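Remarks on the structure that follows.
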Amino acid sequence: MKRTLVAEAGKKVGESIKVCGWIKTYRSHGKIIFVDLRDISGVLQVVILPELPSEVLEIAKNMRTEWVVEIVGKINKRPGGTQNQNLTTGDIEMTAENISVLSEAKTIPFDINTDGYEVNEEMRLKYRYVDLRRERLKRNLIFKQEFLHFVRTFLKDRGFIEIDTPSLTKSTPEGARDFLVPSRLQPEKFYALPQSPQQYKQLLMVAGLEKYFQIAKCFRDEDPRADRQAEFTQMDLEMSFVQEKDVRDLIEELLIETVRVVAPDKKIQEIPFPVITYQEAMEKYGIDRPDLRKDKSDKDLLAFCWIVDFPFFEKDKEGEWTFTHNPFSAPKPEFIDDLLKKKNIEKILTTQYDIVLNGWEIGGGSIRSHTPEILEAVFEIIGYKKDRIKSSFGHMMEAFGYGTPPHGGIAWGVDRILSILLNENSIREVIAFPKTGDSRDLMMDTPSAVDSKQLEELHIKTVAPKKK
RNA sequence: GGGCCCGUAGAGAAGCCCGGAGUUCUCGUCUCCCUGUCACGGAGAAAAUCGUGGGUUCAAAUCCCAUCGGGCCCGCCA
């Protein structure tokens, strides 16, 4: 007999079907036993009556919560007065005919019939596979799929091509700290995991793909926060022959449509999204990601805004010029001359735009420099010598010499957007297997030591002594 | 690298400030009873090196120091 999902059981009244799942609750009344069976689709009440053969009854008496079972039985309308309004299958129940135990379960380490906020995250992360049995977390993961599915369809319909880019790539030490991967075939050389597909997506523009997007895993070896993980998901997008407003308009439409379709309970406070300059934001709100919600107690209110006209450069702690966002960004057109002549550096504004939602930076992008001269001038301002520019970014300069369209794009922090849409305070609640505050995986016990043979193959001869 | 908060039966909390017998509550677990419950109900039971180590004290879950683990934040995050 083929297995039926419990959500489909309502269509099978009068029939015998087979259901499989976990025992959510077990209520024995002595002679009669009620079992709530949970599968991915929902919960179904199974009634176990004393008329069953003794060997089946024996199994039923010994079952415990979270055991995995297969039950064959007849679906009936519930007797009058025993319907349960709180259950979508509350009008029906299964009368068990046969039961097999597929897997026994130890007593689970914490209650999963709650939202789980009350349980230590240490426990939840160590037993994440149990934690994920919660309704809330399952709902979050399914929502993530619906969200991404809508985004993919929207972009494909507008001619965007989804292209994957390498995860083993080149270290770019000027940004966040890279995760490094030692090369076995090239002794003493390293790959780096991408902080973002930035360079590849620009090279796809040089290649003439014109409109690219990707749901990309990105990696940054910096200290995590409630809204930051070492490993996270970006919606990364780039398009050719566009200016700032073209990208912003597209993204604004995409965000509005996505919210309308996947989160219809949410209200967007202001459309079109307010556009605020960096200077204005700092003067008025003291922050470049203001929370513009008029009623912060309203869980369903979404206040998007764009922050634009960021300064291109700022002084770092040593007093050297550094870029505020992205060295590949183009200056606003009226500052190109100053940039090339390297004067009035502090006044140069970039085409960078950030998208902010309820006080969280959920994305950022810019129009890019598409001529080697401008890119080179940027690197010179931040003090890079010619040979370093060549070794780190020579491939970009060279590529730009082969016919490069003006282009620009954006990247979203998908986990952050999902957290806000789902009213979660941490992105860990929308990631299946998140890491702790010091980037450890308590379930897998990662990072972990490796075999000395593995190290030898990677030409790593010495291991730093453990800190006392 | 720095600041703050937390750690007590399987889970969650109270107790700590103001030291006096491992005391209490909710959930779970186990045993028995129960034929319409749905967070079933009833009776009973087991379960704790009070994160770890040291110190002060007649006496430490409680005060002090160190350390480990978790969280939040600053730095950092092109």
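Identifiers in the structure tokens: chain A, B, ... in order shown; residue index from 1 per chain; ligand index from 1 in order shown.
Any residue of chain A with an atom no more than 6 Å from chain B counts as a contact; using only C-alpha atoms (C1' of nucleotides), that gives His29, Gly30, Lys31, Ile32, Pro109, Phe110, Glu122, Gly175, His325 and Asn326 of chain A.
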Using DSSP on the backbone coordinates, identify the residues of segment 185-333 of chain A assigned to helix (DSSP H, G or I); present them as a count of residues only. 37
Can you list, as a VMD selection string, every protein, DNA or RNA residue that comes within 9 Å of Met1 of chain A when you count only C-alpha atoms (C1' of nucleotides), leaving out same-chain residues fewer than 5 positions away? chain A and resid 17 to 18 72
Between A:Ile417, A:Pro187, A:Glu55, A:Glu398, smallest distance to Lys461 of chain A by only C-alpha atoms belongs to A:Pro187
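Here atom CA of Asp227 of chain A stands at a distance of 28.7 Å from atom CA of Phe190 of chain A.
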Let's see if you can do this: from backbone DSSP, list all strand (DSSP E) residues in segment 275-326 of chain A, as JSON, numbers by chain. {"A": [275, 276, 277, 301, 302, 304, 305, 306, 307, 308, 313, 314, 315, 321, 322, 323]}
Got a sec: who's within 7 Å of segment 52-60 of chain B, counting only C-alpha atoms (C1' of nucleotides), leaving out chain neighbours fewer than 4 positions off, as a PDB file with C-alpha atoms (C1' of nucleotides), in the first residue's frame?
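Result file follows (part25.pdb):
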```pdb
ATOM      1  C1'   G B  19      25.626  32.065  53.529  1.00  0.00           C
ATOM      2  C1'   G B  20      22.589  27.703  57.595  1.00  0.00           C
ATOM      3  C1'   C B  68      35.067  26.429  30.550  1.00  0.00           C
TER       4        C B  68
END
```
Selection near segment 43-49 of chain B, 8 Å with only C-alpha atoms (C1' of nucleotides), sequence-local residues under 3 positions removed, as an MDAnalysis selection string: chainID B and resid 8:9 22 30:33
Kindly export the residues of the current selection with C-alpha atoms (C1' of nucleotides), as an mmCIF file, in the first residue's frame.
```
data_model
loop_
_atom_site.group_PDB
_atom_site.id
_atom_site.type_symbol
_atom_site.label_atom_id
_atom_site.label_comp_id
_atom_site.auth_asym_id
_atom_site.auth_seq_id
_atom_site.Cartn_x
_atom_site.Cartn_y
_atom_site.Cartn_z
ATOM 1 C "C1'" U B 8 20.519 24.743 39.513
ATOM 2 C "C1'" A B 9 17.340 16.833 37.996
ATOM 3 C "C1'" G B 22 19.496 19.924 47.420
ATOM 4 C "C1'" C B 30 9.113 5.566 34.711
ATOM 5 C "C1'" U B 31 5.151 2.384 37.315
ATOM 6 C "C1'" C B 32 -0.025 1.581 38.284
ATOM 7 C "C1'" C B 33 -5.397 3.009 37.202
#
```
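Picture a line from atom CA of Leu102 of chain A to atom CA of Glu70 of chain A; it runs 6.7 Å.
Compared by their closest atoms to Phe310 of chain A, and using only C-alpha atoms, the residues A:Lys332, A:His459, A:Lys24, A:Lys341 rank with A:Lys332 nearest.
Pairwise distance (atom CA of Glu373 of chain A, atom CA of Thr169 of chain A) equals 24.9 Å.
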